[in-house]
2 protein chains.
Amino acid sequence: MRRPSDRTRSGARVRVKPIPEATVARLPVYLRVLQHLADQQITTVSSERLAEAAGVNPPKVRKDLSYLGSYGTRGVGYDVEYLVYQISRELGLTQDWPVALVGVGNLGQALAGYKGFTQRGFRIGALFDADRERAGEQVGNLRIEHIDDMESSLKEKGIAIALIATPAAAAQETAERLVAAGVRSILNFAPTVLTVPSSIHVRQVDLSVELQILAFYEQRTAGRPGRRRGT
Amino acid sequence: MRRPSDRTRSGARVRVKPIPEATVARLPVYLRVLQHLADQQITTVSSERLAEAAGVNPPKVRKDLSYLGSYGTRGVGYDVEYLVYQISRELGLTQDWPVALVGVGNLGQALAGYKGFTQRGFRIGALFDADRERAGEQVGNLRIEHIDDMESSLKEKGIAIALIATPAAAAQETAERLVAAGVRSILNFAPTVLTVPSSIHVRQVDLSVELQILAFYEQRTAGRPGRRRGT
DNA sequence: AACTGTGAACGGGTTCACAGCC
DNA sequence: GGCTGTGAACCCGTTCACAGTT
């Protein structure tokens, strides 16, 4: 069985073909589907069924999974539990990734309480806000800290991933402070492009942009919309 | 000046080259940057400066904008205000798009109060929840309605875009009801793949998936992470 | 017979280089 | 000289067809 990963003489695992970004972005979806199947005591799944549940086509599933290794059985399909383990390992979910949240406003508070994070193994490990009044306030089982204490607090807690839920105007400075505090991955909810060193991973979630994209396609379908603006 | 759009004899605008999806997804970002420039009384911008602010490279900006028409001036750049208008029109933002929100829980409530939507011209026009107890409850200046009233309410209000912020288990049924109520575009925050007719536009915002993608790249950098899980 | 794994063909999107215009 | 507009080259990702395996 040939594998797209192998070991060097020193024993370190070295990936021969890197996993394409597009594939990485789909692995979490496959994982969720597989866990759901496992909950229903389903032990084996074909690329066809997995594709259907993940909203993609079967060849794509096979290609994606082939980047991880030859984990399927021809004529049979994939072992659900084994795949769950392999994908989890690949995504680095076999270890704990505490995340920090900066900006405990409207959206930040919702994110702090979002069940989906804990369900998927992401624990909020620190909350920060720029408002001194709010420092010390309890949210869930965490106390809000002032952003001036961010650097020492994050280093102490060994936090490498952070969410930015500040107003847009504060996001860039927040990002810089996070990077100074050793954070290497940022999920940005503020509607601004962040400029960070190239070694830092940033992903952007822009709620208004999503709606604007939908509006574009909606407009094309030329159905009757709401009233004209300003009337 | 050749244009990628033209008029038929009947006067309807017909696009010769369709705008690539990838470009559509960037137009809202350009628009935001341009509006920001306009606020600072900047009247002209080069592709280089626009690219920098939007986090892309100059040729991409020029290619993207060229799909809309030849709106720049060689040797000078783009007129900020004119571009704002053209992009807004292209995205369909010169009209009002009231949106519905289904699922007024933790996340839903935050979305209902999200300032960014109103700032970008999206007004929440209806709130629905499956919990009968909550029907009638006031959130902001809207009253929560029960989902059983969705169809008549949405049709009456002429709402075509909806946000799903229900638990994952309820999302598919919610989507089906929305489609039955005439909704054509859905922004789904529930962590499930929705199956809808191909004429319906769905965009997915999956918060946990974003974190999992970051975890993947974080793991590669081989820094020391938090403690192992379960210890 | 059923289903995976994958090289090869294909297509959309990005980048490049330069022609075109102010 | 400066900057846009765009065909052409390039690259990544998707799809396809089928060889390989149980």
# chains A, B, ... in the order shown; residues from 1 in each chain; ligands from 1
$ select_by_dssp --residues "stretch 89-194 of chain A" --states "strand (DSSP E)" --output "list in words"
Val99, Ala100, Leu101, Val102, Ile124, Gly125, Ala126, Leu127, Phe128, Asp129, Gln138, Val139, Leu142, Arg143, Ile144, Glu145, His146, Ile161, Ala162, Leu163, Ile164, Ser185, Ile186, Leu187 and Asn188 of chain A
$ closest_atom_pairs --of "chain D" --to "chain A" --cutoff "9 Å" --atoms "only C-alpha atoms (C1' of nucleotides)" --output "JSON lines"
{"residue": "D:DC12", "atom": "C1'", "partner": "A:Pro20", "partner_atom": "CA", "distance": 8.6}
{"residue": "D:DG13", "atom": "C1'", "partner": "A:Ala22", "partner_atom": "CA", "distance": 7.6}
{"residue": "D:DT14", "atom": "C1'", "partner": "A:Lys60", "partner_atom": "CA", "distance": 7.4}
{"residue": "D:DT15", "atom": "C1'", "partner": "A:Pro59", "partner_atom": "CA", "distance": 7.5}
{"residue": "D:DC16", "atom": "C1'", "partner": "A:Pro59", "partner_atom": "CA", "distance": 8.7}
{"residue": "D:DG20", "atom": "C1'", "partner": "A:Arg74", "partner_atom": "CA", "distance": 8.5}
{"residue": "D:DT21", "atom": "C1'", "partner": "A:Arg74", "partner_atom": "CA", "distance": 5.5}
{"residue": "D:DT22", "atom": "C1'", "partner": "A:Gly75", "partner_atom": "CA", "distance": 5.7}
$ write_last_selection --atoms "N, CA, C and O atoms (P, O5', C5', C4', C3', O3' and C1' of nucleotides)" --output "compact mmCIF listing (two decimals), in the first residue's frame"
# COMPACT_ATOMS: atom_id res chain seq x y z
P DC D 12 0.17 25.74 -8.03
O5' DC D 12 -1.25 25.46 -7.39
C5' DC D 12 -2.13 26.56 -7.11
C4' DC D 12 -3.55 26.07 -7.26
C3' DC D 12 -3.85 24.78 -6.51
O3' DC D 12 -4.87 25.08 -5.57
C1' DC D 12 -4.66 24.69 -8.76
P DG D 13 -5.46 23.98 -4.61
O5' DG D 13 -6.75 23.49 -5.40
C5' DG D 13 -7.68 24.45 -5.84
C4' DG D 13 -8.74 23.76 -6.66
C3' DG D 13 -9.29 22.47 -6.03
O3' DG D 13 -10.69 22.56 -6.08
C1' DG D 13 -8.57 22.06 -8.24
P DT D 14 -11.62 21.36 -5.60
O5' DT D 14 -12.30 20.83 -6.94
C5' DT D 14 -12.83 21.76 -7.86
C4' DT D 14 -13.26 21.02 -9.11
C3' DT D 14 -14.09 19.77 -8.84
O3' DT D 14 -15.26 19.87 -9.64
C1' DT D 14 -12.26 19.24 -10.27
P DT D 15 -16.40 18.76 -9.55
O5' DT D 15 -16.08 17.84 -10.79
C5' DT D 15 -15.97 18.43 -12.07
C4' DT D 15 -15.48 17.40 -13.06
C3' DT D 15 -16.26 16.08 -13.01
O3' DT D 15 -16.77 15.87 -14.32
C1' DT D 15 -13.91 15.70 -13.01
P DC D 16 -17.70 14.61 -14.65
O5' DC D 16 -16.66 13.61 -15.34
C5' DC D 16 -15.73 14.13 -16.28
C4' DC D 16 -14.81 13.03 -16.75
C3' DC D 16 -15.46 11.65 -16.81
O3' DC D 16 -15.20 11.13 -18.10
C1' DC D 16 -13.43 11.55 -15.59
P DG D 20 -3.70 -2.03 -13.37
O5' DG D 20 -4.39 -1.90 -11.94
C5' DG D 20 -3.88 -0.96 -10.99
C4' DG D 20 -4.49 -1.26 -9.67
C3' DG D 20 -4.25 -2.70 -9.17
O3' DG D 20 -3.85 -2.61 -7.82
C1' DG D 20 -6.56 -2.22 -9.17
P DT D 21 -3.45 -3.90 -6.98
O5' DT D 21 -4.76 -4.17 -6.15
C5' DT D 21 -5.18 -3.23 -5.17
C4' DT D 21 -6.45 -3.73 -4.53
C3' DT D 21 -6.36 -5.17 -3.99
O3' DT D 21 -6.72 -5.11 -2.63
C1' DT D 21 -8.33 -4.84 -5.23
P DT D 22 -6.35 -6.26 -1.60
O5' DT D 22 -7.81 -6.79 -1.18
C5' DT D 22 -8.69 -5.91 -0.50
C4' DT D 22 -10.10 -6.41 -0.71
C3' DT D 22 -10.34 -7.83 -0.23
O3' DT D 22 -11.26 -7.81 0.84
C1' DT D 22 -11.38 -7.42 -2.33
$ residues_around --residues "D:DG7" --least-positions-apart "5" --cutoff "12 Å" --atoms "only C-alpha atoms (C1' of nucleotides)" --output "MDAnalysis selection string"
(chainID B and resid 63) or (chainID C and resid 16:19)
$ select_by_dssp --residues "stretch 20-135 of chain A" --states "alpha helix (DSSP H)" --output "PyMOL selection string"
chain A and resi 21-39+47-54+58-66+80-91+106-112+115-119
$ closest_atom_pairs --of "chain A" --to "chain C" --cutoff "12 Å" --atoms "only C-alpha atoms (C1' of nucleotides)" --output "tab-separated table"
residue	atom	partner	partner_atom	distance
A:Met1	CA	C:DG5	C1'	10.6
A:Arg2	CA	C:DG5	C1'	10.2
A:Arg3	CA	C:DG5	C1'	11.0
A:Pro4	CA	C:DG5	C1'	11.8
A:Val45	CA	C:DC3	C1'	10.4
A:Ser46	CA	C:DC3	C1'	7.4
A:Ser47	CA	C:DC3	C1'	8.3
A:Glu48	CA	C:DC3	C1'	9.4
A:Arg49	CA	C:DC3	C1'	11.8
A:Pro58	CA	C:DT4	C1'	10.7
A:Pro59	CA	C:DT4	C1'	9.8
A:Lys60	CA	C:DG5	C1'	11.6
A:Val61	CA	C:DT4	C1'	10.6
A:Arg62	CA	C:DT4	C1'	7.3
A:Lys63	CA	C:DG5	C1'	7.7
A:Asp64	CA	C:DG5	C1'	10.7
A:Leu65	CA	C:DG5	C1'	9.6
A:Ser66	CA	C:DG5	C1'	6.8
A:Tyr67	CA	C:DG5	C1'	10.1
A:Leu68	CA	C:DG5	C1'	11.7
A:Gly69	CA	C:DG5	C1'	9.7
A:Ser70	CA	C:DG5	C1'	7.5
A:Tyr71	CA	C:DT4	C1'	9.2
A:Gly72	CA	C:DT4	C1'	6.3
A:Thr73	CA	C:DT4	C1'	6.3
A:Arg74	CA	C:DT4	C1'	4.5
A:Gly75	CA	C:DC3	C1'	4.0
A:Val76	CA	C:DC3	C1'	5.8
A:Gly77	CA	C:DC3	C1'	6.2
A:Tyr78	CA	C:DT4	C1'	8.9
$ write_last_selection --atoms "C-alpha atoms" --output "compact mmCIF listing (two decimals), in the first residue's frame"
# COMPACT_ATOMS: atom_id res chain seq x y z
CA MET A 1 0.00 0.00 0.00
CA ARG A 2 1.61 3.22 -1.17
CA ARG A 3 1.05 6.23 1.05
CA PRO A 4 1.37 9.91 0.39
CA VAL A 45 -19.59 4.02 4.22
CA SER A 46 -19.05 4.31 0.47
CA SER A 47 -17.74 7.44 -1.21
CA GLU A 48 -21.17 7.79 -2.76
CA ARG A 49 -23.03 7.97 0.54
CA PRO A 58 -18.11 10.87 -5.06
CA PRO A 59 -14.86 11.30 -7.03
CA LYS A 60 -14.06 14.36 -4.95
CA VAL A 61 -14.48 12.42 -1.73
CA ARG A 62 -12.19 9.69 -2.99
CA LYS A 63 -9.54 12.11 -4.18
CA ASP A 64 -9.69 14.08 -0.92
CA LEU A 65 -9.38 10.98 1.22
CA SER A 66 -6.61 9.58 -0.94
CA TYR A 67 -4.41 12.49 0.15
CA LEU A 68 -4.51 11.11 3.67
CA GLY A 69 -3.57 7.59 2.63
CA SER A 70 -5.26 4.48 1.30
CA TYR A 71 -7.73 4.11 4.09
CA GLY A 72 -10.59 2.55 2.12
CA THR A 73 -11.21 -1.03 1.04
CA ARG A 74 -11.99 -1.66 -2.62
CA GLY A 75 -15.30 -3.31 -3.17
CA VAL A 76 -16.39 -2.33 0.34
CA GLY A 77 -15.92 1.33 1.27
CA TYR A 78 -14.42 3.14 4.24
$ residues_around --residues "stretch 204-215 of chain B" --least-positions-apart "2" --cutoff "9 Å" --atoms "only C-alpha atoms (C1' of nucleotides)" --output "PyMOL selection string"
(chain A and resi 24-29+91-93+97+116-117+119-120+122+161+185-187+201-205+207+210) or (chain B and resi 186-194+202+217-220)
$ write_last_selection --atoms "N, CA and C atoms" --output "short mmCIF file (atom, residue, chain, number, x, y, z; two decimals), in the first residue's frame"
data_model
loop_
_atom_site.label_atom_id
_atom_site.label_comp_id
_atom_site.auth_asym_id
_atom_site.auth_seq_id
_atom_site.Cartn_x
_atom_site.Cartn_y
_atom_site.Cartn_z
N VAL A 24 -8.35 20.43 2.63
CA VAL A 24 -8.32 20.71 4.07
C VAL A 24 -9.63 21.33 4.52
N ALA A 25 -10.17 22.21 3.70
CA ALA A 25 -11.41 22.90 4.06
C ALA A 25 -12.61 21.95 4.08
N ARG A 26 -12.50 20.82 3.36
CA ARG A 26 -13.61 19.88 3.36
C ARG A 26 -13.49 18.79 4.41
N LEU A 27 -12.29 18.54 4.88
CA LEU A 27 -12.10 17.47 5.87
C LEU A 27 -13.00 17.64 7.10
N PRO A 28 -13.13 18.85 7.63
CA PRO A 28 -14.02 19.00 8.80
C PRO A 28 -15.46 18.60 8.49
N VAL A 29 -15.89 18.81 7.28
CA VAL A 29 -17.26 18.45 6.91
C VAL A 29 -17.39 16.93 6.86
N LEU A 91 -6.26 16.68 11.21
CA LEU A 91 -6.65 18.06 11.52
C LEU A 91 -6.05 18.54 12.83
N GLY A 92 -5.38 17.64 13.54
CA GLY A 92 -4.78 18.07 14.80
C GLY A 92 -5.80 18.16 15.91
N LEU A 93 -6.87 17.37 15.81
CA LEU A 93 -7.93 17.47 16.82
C LEU A 93 -7.76 16.46 17.94
N TRP A 97 -6.90 22.58 21.80
CA TRP A 97 -6.52 23.90 21.31
C TRP A 97 -7.35 24.97 21.99
N GLY A 116 -21.32 24.87 19.65
CA GLY A 116 -20.61 24.17 18.58
C GLY A 116 -19.11 24.09 18.81
N PHE A 117 -18.52 25.12 19.41
CA PHE A 117 -17.08 25.12 19.63
C PHE A 117 -16.68 24.00 20.60
N GLN A 119 -18.44 21.44 21.49
CA GLN A 119 -18.78 20.13 20.91
C GLN A 119 -17.67 19.62 19.99
N ARG A 120 -17.03 20.54 19.27
CA ARG A 120 -15.97 20.14 18.34
C ARG A 120 -14.60 20.22 18.98
N PHE A 122 -13.18 22.72 20.84
CA PHE A 122 -12.48 23.99 21.03
C PHE A 122 -13.04 24.68 22.27
N ILE A 161 -4.43 30.22 19.21
CA ILE A 161 -5.52 30.56 18.28
C ILE A 161 -6.43 31.59 18.93
N SER A 185 -2.65 31.84 14.81
CA SER A 185 -3.83 31.67 13.95
C SER A 185 -4.95 32.56 14.44
N ILE A 186 -5.59 33.26 13.53
CA ILE A 186 -6.63 34.22 13.89
C ILE A 186 -7.87 33.99 13.06
N LEU A 187 -9.01 33.95 13.74
CA LEU A 187 -10.29 33.92 13.05
C LEU A 187 -10.92 35.28 13.25
N HIS A 201 -1.64 32.59 10.27
CA HIS A 201 -2.81 32.19 9.49
C HIS A 201 -4.02 33.01 9.91
N VAL A 202 -4.67 33.60 8.92
CA VAL A 202 -5.88 34.37 9.21
C VAL A 202 -7.01 33.82 8.37
N ARG A 203 -8.14 33.62 8.99
CA ARG A 203 -9.36 33.33 8.24
C ARG A 203 -10.38 34.38 8.57
N GLN A 204 -11.14 34.75 7.57
CA GLN A 204 -12.06 35.86 7.70
C GLN A 204 -13.49 35.35 7.64
N VAL A 205 -14.31 35.75 8.60
CA VAL A 205 -15.74 35.46 8.52
C VAL A 205 -16.43 36.80 8.46
N LEU A 207 -19.84 38.55 7.83
CA LEU A 207 -21.27 38.29 7.72
C LEU A 207 -21.96 39.14 6.66
N GLU A 210 -21.21 38.01 3.09
CA GLU A 210 -22.00 36.85 2.69
C GLU A 210 -23.37 37.28 2.17
N ILE B 186 -30.30 31.65 1.06
CA ILE B 186 -30.20 31.27 2.46
C ILE B 186 -28.76 31.38 2.93
N LEU B 187 -28.58 32.01 4.08
CA LEU B 187 -27.28 32.03 4.73
C LEU B 187 -27.39 31.13 5.95
N ASN B 188 -26.71 30.00 5.90
CA ASN B 188 -26.88 28.97 6.92
C ASN B 188 -25.76 28.96 7.95
N PHE B 189 -26.10 29.21 9.21
CA PHE B 189 -25.11 29.16 10.29
C PHE B 189 -25.13 27.84 11.02
N ALA B 190 -26.11 27.00 10.73
CA ALA B 190 -26.17 25.70 11.40
C ALA B 190 -25.16 24.76 10.76
N PRO B 191 -24.47 23.97 11.56
CA PRO B 191 -23.44 23.08 11.00
C PRO B 191 -24.02 21.84 10.34
N THR B 192 -24.67 22.05 9.21
CA THR B 192 -25.22 20.95 8.40
C THR B 192 -25.22 21.37 6.94
N VAL B 193 -25.06 20.40 6.08
CA VAL B 193 -25.21 20.65 4.65
C VAL B 193 -26.70 20.66 4.34
N LEU B 194 -27.16 21.72 3.68
CA LEU B 194 -28.57 21.80 3.34
C LEU B 194 -28.80 21.25 1.94
N VAL B 202 -27.45 28.96 -1.53
CA VAL B 202 -27.13 28.75 -0.12
C VAL B 202 -25.68 29.10 0.11
N TYR B 217 -3.46 23.88 10.17
CA TYR B 217 -2.23 24.60 9.83
C TYR B 217 -1.40 24.88 11.07
N GLU B 218 -2.09 25.08 12.18
CA GLU B 218 -1.40 25.33 13.45
C GLU B 218 -0.54 24.12 13.81
N GLN B 219 -1.11 22.96 13.63
CA GLN B 219 -0.43 21.71 13.96
C GLN B 219 0.87 21.55 13.17
N ARG B 220 0.80 21.95 11.88
CA ARG B 220 2.00 21.82 11.03
C ARG B 220 3.17 22.64 11.52
#
